[in-house]
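Below is the file model-v1.cif, which contains mmCIF, C-alpha atoms.
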data_run
loop_
_atom_site.group_PDB
_atom_site.id
_atom_site.type_symbol
_atom_site.label_atom_id
_atom_site.label_comp_id
_atom_site.auth_asym_id
_atom_site.auth_seq_id
_atom_site.Cartn_x
_atom_site.Cartn_y
_atom_site.Cartn_z
ATOM 1 C CA MET Y 16 0.000 0.000 0.000
ATOM 2 C CA ILE Y 17 1.331 3.433 -0.956
ATOM 3 C CA ARG Y 18 1.238 5.925 1.875
ATOM 4 C CA PRO Y 19 -1.178 8.690 0.858
ATOM 5 C CA VAL Y 20 0.988 11.785 0.516
ATOM 6 C CA SER Y 21 -1.944 13.992 -0.341
ATOM 7 C CA SER Y 22 -5.621 14.428 0.297
ATOM 8 C CA ILE Y 23 -7.581 15.337 -2.823
ATOM 9 C CA LEU Y 24 -11.138 16.666 -2.894
ATOM 10 C CA VAL Y 25 -13.062 16.202 -6.126
ATOM 11 C CA ILE Y 26 -16.205 18.274 -6.642
ATOM 12 C CA GLY Y 27 -18.675 17.284 -9.325
ATOM 13 C CA GLU Y 28 -21.314 15.017 -10.723
ATOM 14 C CA ALA Y 29 -21.696 11.307 -10.110
ATOM 15 C CA LEU Y 30 -24.270 9.602 -12.300
ATOM 16 C CA VAL Y 31 -25.128 6.463 -14.228
ATOM 17 C CA ASP Y 32 -23.836 6.058 -17.787
ATOM 18 C CA ILE Y 33 -26.394 4.288 -19.955
ATOM 19 C CA VAL Y 34 -24.288 2.906 -22.796
ATOM 20 C CA ARG Y 35 -26.033 2.160 -26.088
ATOM 21 C CA ARG Y 36 -24.111 0.379 -28.843
ATOM 22 C CA THR Y 37 -24.754 0.219 -32.559
ATOM 23 C CA ASP Y 38 -25.902 -3.406 -32.239
ATOM 24 C CA GLY Y 39 -28.806 -2.286 -30.027
ATOM 25 C CA SER Y 40 -27.332 -3.561 -26.760
ATOM 26 C CA ARG Y 41 -27.641 -1.483 -23.608
ATOM 27 C CA ALA Y 42 -25.713 -1.448 -20.337
ATOM 28 C CA GLU Y 43 -25.553 0.773 -17.253
ATOM 29 C CA HIS Y 44 -22.340 1.760 -15.465
ATOM 30 C CA PRO Y 45 -21.567 4.262 -12.692
ATOM 31 C CA GLY Y 46 -19.958 7.375 -14.169
ATOM 32 C CA GLY Y 47 -19.702 11.149 -14.200
ATOM 33 C CA SER Y 48 -16.389 12.760 -15.085
ATOM 34 C CA PRO Y 49 -15.416 14.065 -11.607
ATOM 35 C CA ALA Y 50 -16.608 10.844 -9.960
ATOM 36 C CA ASN Y 51 -14.489 8.870 -12.428
ATOM 37 C CA VAL Y 52 -11.436 10.949 -11.493
ATOM 38 C CA ALA Y 53 -12.031 10.265 -7.790
ATOM 39 C CA LEU Y 54 -12.474 6.573 -8.550
ATOM 40 C CA GLY Y 55 -9.258 6.469 -10.560
ATOM 41 C CA LEU Y 56 -7.324 8.152 -7.747
ATOM 42 C CA ALA Y 57 -8.707 5.768 -5.134
ATOM 43 C CA ARG Y 58 -7.818 2.737 -7.246
ATOM 44 C CA LEU Y 59 -4.295 4.141 -7.397
ATOM 45 C CA GLU Y 60 -4.367 4.203 -3.585
ATOM 46 C CA ARG Y 61 -4.577 7.960 -3.294
ATOM 47 C CA ASP Y 62 -6.663 9.625 -0.604
ATOM 48 C CA ALA Y 63 -9.736 10.789 -2.580
ATOM 49 C CA THR Y 64 -12.913 12.438 -1.298
ATOM 50 C CA LEU Y 65 -15.876 13.326 -3.510
ATOM 51 C CA LEU Y 66 -18.491 16.039 -3.002
ATOM 52 C CA THR Y 67 -21.341 15.142 -5.326
ATOM 53 C CA ARG Y 68 -25.085 14.529 -5.571
ATOM 54 C CA ILE Y 69 -26.320 10.924 -5.476
ATOM 55 C CA GLY Y 70 -29.927 9.813 -4.947
ATOM 56 C CA ARG Y 71 -31.142 7.194 -2.508
ATOM 57 C CA ASP Y 72 -32.639 5.194 -5.393
ATOM 58 C CA GLU Y 73 -31.289 1.914 -6.748
ATOM 59 C CA ARG Y 74 -29.020 3.669 -9.237
ATOM 60 C CA GLY Y 75 -27.672 5.819 -6.433
ATOM 61 C CA ARG Y 76 -26.944 2.775 -4.312
ATOM 62 C CA THR Y 77 -25.089 1.238 -7.249
ATOM 63 C CA VAL Y 78 -22.975 4.368 -7.710
ATOM 64 C CA ARG Y 79 -22.253 4.563 -4.001
ATOM 65 C CA ARG Y 80 -21.139 0.917 -3.793
ATOM 66 C CA HIS Y 81 -18.943 1.462 -6.848
ATOM 67 C CA LEU Y 82 -17.185 4.492 -5.379
ATOM 68 C CA GLU Y 83 -16.915 3.446 -1.752
ATOM 69 C CA GLY Y 84 -15.828 -0.049 -2.766
ATOM 70 C CA ALA Y 85 -12.749 1.510 -4.350
ATOM 71 C CA GLY Y 86 -12.032 3.653 -1.297
ATOM 72 C CA VAL Y 87 -13.599 6.968 -2.333
ATOM 73 C CA ARG Y 88 -14.994 8.853 0.642
ATOM 74 C CA LEU Y 89 -18.190 10.831 0.092
ATOM 75 C CA LEU Y 90 -18.317 14.237 1.729
ATOM 76 C CA ASP Y 91 -21.270 14.790 4.046
ATOM 77 C CA GLY Y 92 -24.383 15.885 2.155
ATOM 78 C CA SER Y 93 -23.575 13.991 -1.039
ATOM 79 C CA ILE Y 94 -26.561 11.630 -0.627
ATOM 80 C CA THR Y 95 -29.872 13.328 -1.462
ATOM 81 C CA ALA Y 96 -33.556 12.461 -1.829
ATOM 82 C CA GLU Y 97 -33.601 13.376 -5.540
ATOM 83 C CA PRO Y 98 -33.222 10.774 -8.332
ATOM 84 C CA THR Y 99 -29.692 9.886 -9.422
ATOM 85 C CA SER Y 100 -28.672 11.613 -12.650
ATOM 86 C CA THR Y 101 -28.013 9.735 -15.890
ATOM 87 C CA ALA Y 102 -25.944 10.213 -19.040
ATOM 88 C CA THR Y 103 -26.799 8.220 -22.137
ATOM 89 C CA ALA Y 104 -23.610 7.410 -24.057
ATOM 90 C CA ARG Y 105 -24.238 6.451 -27.666
ATOM 91 C CA LEU Y 106 -21.278 4.620 -29.159
ATOM 92 C CA ASP Y 107 -20.445 4.746 -32.851
ATOM 93 C CA ALA Y 108 -18.896 1.873 -34.788
ATOM 94 C CA ALA Y 109 -15.439 2.867 -33.523
ATOM 95 C CA GLY Y 110 -16.539 2.873 -29.868
ATOM 96 C CA VAL Y 111 -16.459 6.667 -29.517
ATOM 97 C CA ALA Y 112 -19.183 8.080 -27.259
ATOM 98 C CA THR Y 113 -21.531 11.051 -27.568
ATOM 99 C CA TYR Y 114 -23.714 11.960 -24.589
ATOM 100 C CA GLU Y 115 -27.242 12.992 -23.648
ATOM 101 C CA PHE Y 116 -27.947 14.024 -20.052
ATOM 102 C CA ASP Y 117 -30.779 13.910 -17.541
ATOM 103 C CA LEU Y 118 -29.453 15.533 -14.406
ATOM 104 C CA ASP Y 119 -29.817 18.159 -11.737
ATOM 105 C CA TRP Y 120 -26.605 19.686 -10.404
ATOM 106 C CA ARG Y 121 -26.360 21.711 -7.247
ATOM 107 C CA LEU Y 122 -23.959 21.588 -4.341
ATOM 108 C CA PRO Y 123 -25.645 19.659 -1.549
ATOM 109 C CA THR Y 124 -23.871 21.552 1.204
ATOM 110 C CA ALA Y 125 -22.318 24.956 1.813
ATOM 111 C CA LEU Y 126 -18.549 25.011 1.407
ATOM 112 C CA ASP Y 127 -16.172 26.487 3.956
ATOM 113 C CA PRO Y 128 -13.019 27.599 2.062
ATOM 114 C CA ALA Y 129 -10.912 27.673 5.220
ATOM 115 C CA GLY Y 130 -12.058 24.160 6.086
ATOM 116 C CA LEU Y 131 -11.269 22.896 2.593
ATOM 117 C CA ALA Y 132 -7.762 24.325 2.751
ATOM 118 C CA ARG Y 133 -7.267 22.759 6.167
ATOM 119 C CA ASP Y 134 -8.519 19.303 5.216
ATOM 120 C CA PHE Y 135 -7.289 18.920 1.623
ATOM 121 C CA GLN Y 136 -4.145 19.659 -0.326
ATOM 122 C CA ALA Y 137 -5.821 19.716 -3.728
ATOM 123 C CA LEU Y 138 -9.205 20.337 -5.320
ATOM 124 C CA HIS Y 139 -10.203 18.947 -8.709
ATOM 125 C CA THR Y 140 -13.314 19.810 -10.691
ATOM 126 C CA GLY Y 141 -14.559 20.029 -14.243
ATOM 127 C CA SER Y 142 -17.169 19.083 -16.799
ATOM 128 C CA ILE Y 143 -20.827 19.693 -15.934
ATOM 129 C CA ALA Y 144 -20.112 20.662 -12.317
ATOM 130 C CA ALA Y 145 -18.404 23.902 -13.337
ATOM 131 C CA PHE Y 146 -21.238 24.979 -15.664
ATOM 132 C CA LEU Y 147 -24.719 23.706 -14.912
ATOM 133 C CA GLN Y 148 -26.686 25.960 -12.598
ATOM 134 C CA PRO Y 149 -27.269 26.434 -9.786
ATOM 135 C CA GLY Y 150 -24.234 24.387 -8.716
ATOM 136 C CA GLY Y 151 -21.850 25.774 -11.317
ATOM 137 C CA ASP Y 152 -21.603 29.217 -9.749
ATOM 138 C CA ASP Y 153 -21.108 27.657 -6.313
ATOM 139 C CA VAL Y 154 -18.163 25.678 -7.677
ATOM 140 C CA LEU Y 155 -16.688 28.792 -9.278
ATOM 141 C CA ARG Y 156 -16.978 30.744 -6.037
ATOM 142 C CA ALA Y 157 -15.308 27.885 -4.162
ATOM 143 C CA LEU Y 158 -12.392 27.896 -6.594
ATOM 144 C CA GLU Y 159 -11.975 31.644 -6.255
ATOM 145 C CA ALA Y 160 -12.046 31.348 -2.476
ATOM 146 C CA VAL Y 161 -9.407 28.598 -2.204
ATOM 147 C CA ARG Y 162 -7.060 29.898 -4.911
ATOM 148 C CA GLY Y 163 -3.554 30.075 -3.448
ATOM 149 C CA THR Y 164 -4.393 27.840 -0.475
ATOM 150 C CA MET Y 165 -4.430 24.471 -2.299
ATOM 151 C CA THR Y 166 -3.586 22.976 -5.694
ATOM 152 C CA ILE Y 167 -6.451 23.373 -8.180
ATOM 153 C CA SER Y 168 -6.841 21.073 -11.181
ATOM 154 C CA TYR Y 169 -9.423 21.379 -13.932
ATOM 155 C CA ASP Y 170 -10.690 19.425 -16.927
ATOM 156 C CA PRO Y 171 -13.303 21.304 -19.003
ATOM 157 C CA ASN Y 172 -14.586 18.004 -20.485
ATOM 158 C CA ALA Y 173 -16.987 20.035 -22.613
ATOM 159 C CA ARG Y 174 -20.607 18.945 -22.910
ATOM 160 C CA PRO Y 175 -21.980 21.235 -25.656
ATOM 161 C CA ALA Y 176 -25.585 20.153 -25.039
ATOM 162 C CA LEU Y 177 -25.378 21.658 -21.535
ATOM 163 C CA MET Y 178 -22.899 24.506 -21.930
ATOM 164 C CA GLY Y 179 -24.699 26.911 -24.264
ATOM 165 C CA GLU Y 180 -22.865 28.976 -26.863
ATOM 166 C CA ALA Y 181 -19.239 28.000 -27.365
ATOM 167 C CA SER Y 182 -17.960 31.575 -27.078
ATOM 168 C CA GLN Y 183 -19.659 32.078 -23.722
ATOM 169 C CA ALA Y 184 -18.528 28.654 -22.543
ATOM 170 C CA ARG Y 185 -14.946 29.474 -23.501
ATOM 171 C CA ALA Y 186 -15.018 32.656 -21.435
ATOM 172 C CA ARG Y 187 -16.121 30.683 -18.386
ATOM 173 C CA VAL Y 188 -13.601 27.904 -19.032
ATOM 174 C CA GLU Y 189 -10.780 30.421 -19.290
ATOM 175 C CA ARG Y 190 -11.873 32.076 -16.071
ATOM 176 C CA ILE Y 191 -11.415 28.712 -14.334
ATOM 177 C CA VAL Y 192 -8.177 28.008 -16.196
ATOM 178 C CA ALA Y 193 -6.743 31.221 -14.706
ATOM 179 C CA LEU Y 194 -7.558 29.903 -11.215
ATOM 180 C CA SER Y 195 -5.961 26.504 -11.832
ATOM 181 C CA ASP Y 196 -2.509 25.015 -11.359
ATOM 182 C CA LEU Y 197 -3.020 21.934 -13.568
ATOM 183 C CA VAL Y 198 -5.304 21.854 -16.615
ATOM 184 C CA LYS Y 199 -6.129 18.939 -18.902
ATOM 185 C CA VAL Y 200 -8.213 19.478 -22.049
ATOM 186 C CA SER Y 201 -8.947 17.281 -25.071
ATOM 187 C CA ASP Y 202 -8.491 18.310 -28.687
ATOM 188 C CA GLU Y 203 -12.217 17.609 -29.151
ATOM 189 C CA ASP Y 204 -13.028 20.111 -26.393
ATOM 190 C CA LEU Y 205 -10.847 22.719 -28.068
ATOM 191 C CA ALA Y 206 -12.399 22.051 -31.481
ATOM 192 C CA TRP Y 207 -15.706 23.178 -29.955
ATOM 193 C CA LEU Y 208 -14.427 25.897 -27.636
ATOM 194 C CA ALA Y 209 -11.926 27.391 -30.107
ATOM 195 C CA PRO Y 210 -12.993 26.349 -33.619
ATOM 196 C CA GLY Y 211 -10.349 26.845 -36.270
ATOM 197 C CA GLU Y 212 -7.563 27.524 -33.759
ATOM 198 C CA ASP Y 213 -4.513 25.320 -33.330
ATOM 199 C CA PRO Y 214 -4.913 23.394 -30.039
ATOM 200 C CA LEU Y 215 -1.295 24.089 -29.111
ATOM 201 C CA ASP Y 216 -1.777 27.816 -29.631
ATOM 202 C CA VAL Y 217 -4.750 27.709 -27.251
ATOM 203 C CA ALA Y 218 -2.705 25.651 -24.768
ATOM 204 C CA ARG Y 219 0.081 28.246 -24.857
ATOM 205 C CA GLU Y 220 -2.451 31.015 -24.288
ATOM 206 C CA TRP Y 221 -3.935 29.130 -21.340
ATOM 207 C CA ALA Y 222 -0.501 28.430 -19.856
ATOM 208 C CA ALA Y 223 0.189 32.171 -19.943
ATOM 209 C CA ARG Y 224 -2.907 32.751 -17.819
ATOM 210 C CA GLY Y 225 -1.332 31.063 -14.787
ATOM 211 C CA PRO Y 226 -1.404 27.237 -14.686
ATOM 212 C CA ALA Y 227 1.884 25.465 -14.004
ATOM 213 C CA VAL Y 228 0.952 22.691 -16.446
ATOM 214 C CA VAL Y 229 -1.460 22.547 -19.380
ATOM 215 C CA VAL Y 230 -2.017 19.216 -21.132
ATOM 216 C CA VAL Y 231 -3.882 18.598 -24.394
ATOM 217 C CA THR Y 232 -4.958 15.017 -25.087
ATOM 218 C CA LEU Y 233 -5.060 14.031 -28.757
ATOM 219 C CA GLY Y 234 -6.954 10.739 -28.712
ATOM 220 C CA GLY Y 235 -5.077 8.068 -30.604
ATOM 221 C CA GLN Y 236 -2.307 10.569 -31.351
ATOM 222 C CA GLY Y 237 -1.191 10.799 -27.735
ATOM 223 C CA ALA Y 238 -0.883 13.983 -25.687
ATOM 224 C CA VAL Y 239 1.168 17.143 -25.440
ATOM 225 C CA GLY Y 240 2.029 19.030 -22.274
ATOM 226 C CA LEU Y 241 3.348 22.515 -21.598
ATOM 227 C CA CYS Y 242 5.181 23.794 -18.542
ATOM 228 C CA ALA Y 243 7.634 26.613 -17.900
ATOM 229 C CA ALA Y 244 10.544 24.360 -18.914
ATOM 230 C CA GLY Y 245 9.127 23.565 -22.342
ATOM 231 C CA ARG Y 246 6.813 21.317 -24.340
ATOM 232 C CA VAL Y 247 6.645 17.506 -24.412
ATOM 233 C CA ARG Y 248 4.628 15.202 -26.660
ATOM 234 C CA VAL Y 249 4.049 11.496 -26.013
ATOM 235 C CA PRO Y 250 2.362 8.844 -28.190
ATOM 236 C CA ALA Y 251 -0.700 6.891 -27.180
ATOM 237 C CA PRO Y 252 0.123 3.335 -26.045
ATOM 238 C CA ALA Y 253 -1.180 0.553 -28.255
ATOM 239 C CA THR Y 254 -4.500 -0.855 -27.095
ATOM 240 C CA THR Y 255 -7.484 -2.810 -28.342
ATOM 241 C CA LEU Y 256 -10.264 -0.243 -28.209
ATOM 242 C CA VAL Y 257 -13.509 -1.294 -26.542
ATOM 243 C CA ASP Y 258 -14.814 2.233 -25.937
ATOM 244 C CA THR Y 259 -13.540 5.652 -24.880
ATOM 245 C CA VAL Y 260 -15.894 6.087 -21.917
ATOM 246 C CA GLY Y 261 -13.899 7.424 -18.963
ATOM 247 C CA ALA Y 262 -10.542 7.429 -20.764
ATOM 248 C CA GLY Y 263 -9.998 11.160 -20.324
ATOM 249 C CA ASP Y 264 -10.918 10.891 -16.666
ATOM 250 C CA SER Y 265 -8.351 8.113 -16.182
ATOM 251 C CA PHE Y 266 -5.792 10.366 -17.866
ATOM 252 C CA MET Y 267 -6.652 13.152 -15.411
ATOM 253 C CA SER Y 268 -6.318 10.745 -12.468
ATOM 254 C CA GLY Y 269 -2.919 9.747 -13.804
ATOM 255 C CA LEU Y 270 -1.695 13.337 -13.945
ATOM 256 C CA LEU Y 271 -2.782 13.961 -10.358
ATOM 257 C CA ASP Y 272 -1.376 10.629 -9.211
ATOM 258 C CA HIS Y 273 2.045 11.437 -10.646
ATOM 259 C CA VAL Y 274 2.097 14.904 -9.097
ATOM 260 C CA ALA Y 275 0.967 13.454 -5.759
ATOM 261 C CA GLY Y 276 3.667 10.783 -5.933
ATOM 262 C CA ALA Y 277 6.276 13.523 -6.223
ATOM 263 C CA ASP Y 278 4.777 15.335 -3.213
ATOM 264 C CA LEU Y 279 3.938 18.380 -5.321
ATOM 265 C CA LEU Y 280 0.348 18.954 -4.199
ATOM 266 C CA GLY Y 281 -0.525 21.741 -1.780
ATOM 267 C CA ALA Y 282 -0.077 25.495 -1.660
ATOM 268 C CA ASP Y 283 3.408 25.152 -0.200
ATOM 269 C CA ARG Y 284 4.467 23.096 -3.250
ATOM 270 C CA ALA Y 285 3.198 25.530 -5.876
ATOM 271 C CA GLU Y 286 6.596 26.868 -6.879
ATOM 272 C CA ARG Y 287 8.067 23.382 -7.085
ATOM 273 C CA LEU Y 288 5.210 22.322 -9.353
ATOM 274 C CA ARG Y 289 5.827 25.361 -11.503
ATOM 275 C CA GLY Y 290 9.497 24.403 -11.687
ATOM 276 C CA ILE Y 291 9.151 20.840 -13.062
ATOM 277 C CA ASP Y 292 11.441 19.952 -15.948
ATOM 278 C CA GLU Y 293 10.646 18.290 -19.276
ATOM 279 C CA ARG Y 294 11.657 14.855 -17.968
ATOM 280 C CA PHE Y 295 9.118 15.071 -15.168
ATOM 281 C CA LEU Y 296 6.457 16.259 -17.599
ATOM 282 C CA ARG Y 297 7.191 13.369 -19.969
ATOM 283 C CA ASP Y 298 6.967 10.806 -17.168
ATOM 284 C CA MET Y 299 3.676 12.342 -16.035
ATOM 285 C CA LEU Y 300 2.172 12.226 -19.528
ATOM 286 C CA GLU Y 301 3.328 8.665 -20.162
ATOM 287 C CA HIS Y 302 1.864 7.510 -16.856
ATOM 288 C CA ALA Y 303 -1.474 9.184 -17.589
ATOM 289 C CA ALA Y 304 -1.561 7.839 -21.148
ATOM 290 C CA ARG Y 305 -1.000 4.306 -19.900
ATOM 291 C CA LEU Y 306 -3.939 4.566 -17.520
ATOM 292 C CA ALA Y 307 -6.164 5.934 -20.288
ATOM 293 C CA SER Y 308 -5.157 3.157 -22.683
ATOM 294 C CA ILE Y 309 -6.066 0.470 -20.144
ATOM 295 C CA THR Y 310 -9.455 2.118 -19.610
ATOM 296 C CA CYS Y 311 -10.034 2.210 -23.393
ATOM 297 C CA GLY Y 312 -9.550 -1.561 -23.438
ATOM 298 C CA ARG Y 313 -12.510 -2.115 -21.096
ATOM 299 C CA GLU Y 314 -16.209 -1.439 -21.176
ATOM 300 C CA GLY Y 315 -17.304 1.725 -19.419
ATOM 301 C CA ALA Y 316 -15.337 3.940 -17.039
ATOM 302 C CA ASP Y 317 -13.231 1.228 -15.401
ATOM 303 C CA PRO Y 318 -9.803 2.651 -14.475
ATOM 304 C CA PRO Y 319 -6.975 0.327 -13.424
ATOM 305 C CA THR Y 320 -5.707 -0.302 -9.916
ATOM 306 C CA ARG Y 321 -2.152 0.250 -8.743
ATOM 307 C CA ALA Y 322 -1.628 -3.523 -8.705
ATOM 308 C CA GLU Y 323 -2.706 -3.794 -12.343
ATOM 309 C CA LEU Y 324 -0.079 -1.265 -13.389
ATOM 310 C CA SER Y 325 2.678 -3.405 -11.946
#
Spit out the file's structure as structure tokens when you get a sec.
Amino acid sequence: MIRPVSSILVIGEALVDIVRRTDGSRAEHPGGSPANVALGLARLERDATLLTRIGRDERGRTVRRHLEGAGVRLLDGSITAEPTSTATARLDAAGVATYEFDLDWRLPTALDPAGLARDFQALHTGSIAAFLQPGGDDVLRALEAVRGTMTISYDPNARPALMGEASQARARVERIVALSDLVKVSDEDLAWLAPGEDPLDVAREWAARGPAVVVVTLGGQGAVGLCAAGRVRVPAPATTLVDTVGAGDSFMSGLLDHVAGADLLGADRAERLRGIDERFLRDMLEHAARLASITCGREGADPPTRAELS
């Protein structure tokens, strides 16, 4: 067992993915981008806590067993009387998912910024949780309040059906990027948020706004990362693709896991994180890409454990 060197709070949606394939088959799996990140961290034996919104219905019980069985702690207030949210993932012939959502997002409890900074070294959020009202503004205010007191990581994980006009969504995304220390974004997200722009140009612009590290994932073409020391690109490991559900979330868990393993989470480590070299960045990207490739080889958001990596 790896000694937890950090305590990471993840804020965001937990839901049930209803996966529909081209052959007409249907399956349900626990999901939600932030919940998947917490799950991935816990399976890597990191200390992960999730603030979310899960119903007391059968789907909610399934999600709760899934998360707590891996070691994710649920922050008080995360269990509610409302139905558990769902996301219908429709897979194309290549196993790539598009989503439709039925959810209600609001923070189930008031957040105490001083308490968060006392109890956690890092806060991760992204996707629907940072946008959908009324919870989205609560998340944004929490990020603004804890900025400089803990490491903030962010994955836009754009959901166009829920995020309105791309130009307005980009303005909000970039507001959160400026508050963050570590940002991961996919080339598909950038194609919607910044149509016609080179993803690396956008990544450079975002890096100039304040994050220590900005990473762009490129699907089967690997990933590229930027830090103060320079730029690194890594290929995607070979895998037999089953579907892409949860792959980006596993990648995000891998980035945080690598930073945590180097004891670089927490406000007092901010300058050290900003000072990483290209070798560290390459190792971080390769680790995250390996986790994502394993997840792509399985059905649903099913990130690997630490034991599986070895």
Quiz item: In Å to one decimal, how far is atom CA of Val52 of chain Y from atom CA of Thr113 of chain Y?
Solution: 19.0 Å
Using only C-alpha atoms, find each residue of segment 89-182 of chain Y with at least one atom at most 7 Å away from an atom of segment 60-79 of chain Y; report its shortest atom-to-atom pair and that distance in Å (one decimal), sort the rows by chain and rising residue number, and return the result as JSON lines.
{"residue": "Y:Leu89", "atom": "CA", "partner": "Y:Leu65", "partner_atom": "CA", "distance": 5.0}
{"residue": "Y:Leu90", "atom": "CA", "partner": "Y:Leu66", "partner_atom": "CA", "distance": 5.1}
{"residue": "Y:Ser93", "atom": "CA", "partner": "Y:Arg68", "partner_atom": "CA", "distance": 4.8}
{"residue": "Y:Ile94", "atom": "CA", "partner": "Y:Ile69", "partner_atom": "CA", "distance": 4.9}
{"residue": "Y:Thr95", "atom": "CA", "partner": "Y:Gly70", "partner_atom": "CA", "distance": 5.0}
{"residue": "Y:Ala96", "atom": "CA", "partner": "Y:Gly70", "partner_atom": "CA", "distance": 5.5}
{"residue": "Y:Glu97", "atom": "CA", "partner": "Y:Gly70", "partner_atom": "CA", "distance": 5.2}
{"residue": "Y:Pro98", "atom": "CA", "partner": "Y:Gly70", "partner_atom": "CA", "distance": 4.8}
{"residue": "Y:Thr99", "atom": "CA", "partner": "Y:Gly70", "partner_atom": "CA", "distance": 4.5}
{"residue": "Y:Pro123", "atom": "CA", "partner": "Y:Arg68", "partner_atom": "CA", "distance": 6.5}
If you keep C-alpha atoms, can you produce a file of those selected residues as a JSON list (two decimals), keeping the file's coordinate frame?
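Dumped everything to out_7.json:
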[["chain", "number", "residue", "atom", "x", "y", "z"],
["Y", 89, "LEU", "CA", -18.19, 10.83, 0.09],
["Y", 90, "LEU", "CA", -18.32, 14.24, 1.73],
["Y", 93, "SER", "CA", -23.58, 13.99, -1.04],
["Y", 94, "ILE", "CA", -26.56, 11.63, -0.63],
["Y", 95, "THR", "CA", -29.87, 13.33, -1.46],
["Y", 96, "ALA", "CA", -33.56, 12.46, -1.83],
["Y", 97, "GLU", "CA", -33.60, 13.38, -5.54],
["Y", 98, "PRO", "CA", -33.22, 10.77, -8.33],
["Y", 99, "THR", "CA", -29.69, 9.89, -9.42],
["Y", 123, "PRO", "CA", -25.64, 19.66, -1.55]]
Practice problem: Rank Y:Arg289, Y:Arg313, Y:Arg185, Y:Arg294 by their smallest atom-to-atom distance to Arg248 of chain Y, using all atoms listed in the file, and report the top residue only. | Solution: Y:Arg294
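Residues matched by the PyMOL selection byres ((chain Y and resi 134) around 12) in this file are Ser21, Ser22, Ile23, Leu24, Asp62, Ala63, Thr64, Leu90, Asp127, Pro128, Ala129, Gly130, Leu131, Ala132, Arg133, Phe135, Gln136, Ala137, Leu138, Val161, Thr164, Met165 and Gly281 of chain Y.
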Quiz item: To one decimal place, how far is atom CA of Ala29 of chain Y from atom CA of Ser325 of chain Y in Å?
Solution: 28.5 Å
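Using all atoms listed in the file for every distance, the candidate list Y:Ala125, Y:Ala50, Y:Val31, Y:Ala85 yields Y:Ala50 as the residue closest to Gly141 of chain Y.
Reported to one decimal place, the separation of atom CA of Thr124 of chain Y from atom CA of Ala282 of chain Y is 24.3 Å.
The closest residue to Thr103 of chain Y, picked from Y:Val247, Y:Leu155, Y:Val260, Y:Leu122 and counting all atoms listed in the file, is Y:Val260.
Shortest separation to Ala53 of chain Y among Y:Gly225, Y:Pro210, Y:Gly179, Y:Gly27 occurs at residue Y:Gly27, atoms counted being all atoms listed in the file.
Nearest residue to Ala145 of chain Y among Y:Leu59, Y:Val25, Y:Gly39, Y:Trp221 is Y:Val25, counting all atoms listed in the file.
Closest to Gly92 of chain Y among Y:Gly151, Y:Arg121, Y:Phe116, Y:Ala222 is Y:Arg121, based on only C-alpha atoms.
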Practice problem: Decode the PyMOL selection byres ((chain Y and resi 296-302) around 10) for the given file into explicit residues and return them as a PyMOL selection string. | Solution: chain Y and resi 228+230+232+237-242+244-252+266-274+291-295+303-307+324
Missing atoms of segment 55-66 of chain Y rebuilt to N, CA and C atoms, written as a JSON list (two decimals), in the coordinates of the input:
[["chain", "number", "residue", "atom", "x", "y", "z"],
["Y", 55, "GLY", "N", -10.59, 6.80, -10.06],
["Y", 55, "GLY", "CA", -9.26, 6.47, -10.56],
["Y", 55, "GLY", "C", -8.18, 6.73, -9.52],
["Y", 56, "LEU", "N", -8.30, 7.84, -8.80],
["Y", 56, "LEU", "CA", -7.32, 8.15, -7.75],
["Y", 56, "LEU", "C", -7.37, 7.12, -6.63],
["Y", 57, "ALA", "N", -8.58, 6.75, -6.21],
["Y", 57, "ALA", "CA", -8.71, 5.77, -5.13],
["Y", 57, "ALA", "C", -8.14, 4.42, -5.55],
["Y", 58, "ARG", "N", -8.37, 4.01, -6.79],
["Y", 58, "ARG", "CA", -7.82, 2.74, -7.25],
["Y", 58, "ARG", "C", -6.30, 2.77, -7.34],
["Y", 59, "LEU", "N", -5.75, 3.98, -7.43],
["Y", 59, "LEU", "CA", -4.30, 4.14, -7.40],
["Y", 59, "LEU", "C", -3.79, 4.36, -5.97],
["Y", 60, "GLU", "N", -4.69, 4.15, -5.01],
["Y", 60, "GLU", "CA", -4.37, 4.20, -3.58],
["Y", 60, "GLU", "C", -4.04, 5.61, -3.10],
["Y", 61, "ARG", "N", -4.66, 6.58, -3.76],
["Y", 61, "ARG", "CA", -4.58, 7.96, -3.29],
["Y", 61, "ARG", "C", -5.78, 8.27, -2.41],
["Y", 62, "ASP", "N", -5.63, 9.24, -1.56],
["Y", 62, "ASP", "CA", -6.66, 9.62, -0.60],
["Y", 62, "ASP", "C", -7.65, 10.56, -1.30],
["Y", 63, "ALA", "N", -8.80, 10.03, -1.76],
["Y", 63, "ALA", "CA", -9.74, 10.79, -2.58],
["Y", 63, "ALA", "C", -11.08, 10.92, -1.89],
["Y", 64, "THR", "N", -11.59, 12.15, -1.85],
["Y", 64, "THR", "CA", -12.91, 12.44, -1.30],
["Y", 64, "THR", "C", -13.73, 13.12, -2.38],
["Y", 65, "LEU", "N", -15.00, 12.78, -2.47],
["Y", 65, "LEU", "CA", -15.88, 13.33, -3.51],
["Y", 65, "LEU", "C", -17.06, 14.06, -2.87],
["Y", 66, "LEU", "N", -17.27, 15.30, -3.33],
["Y", 66, "LEU", "CA", -18.49, 16.04, -3.00],
["Y", 66, "LEU", "C", -19.36, 16.00, -4.25]]
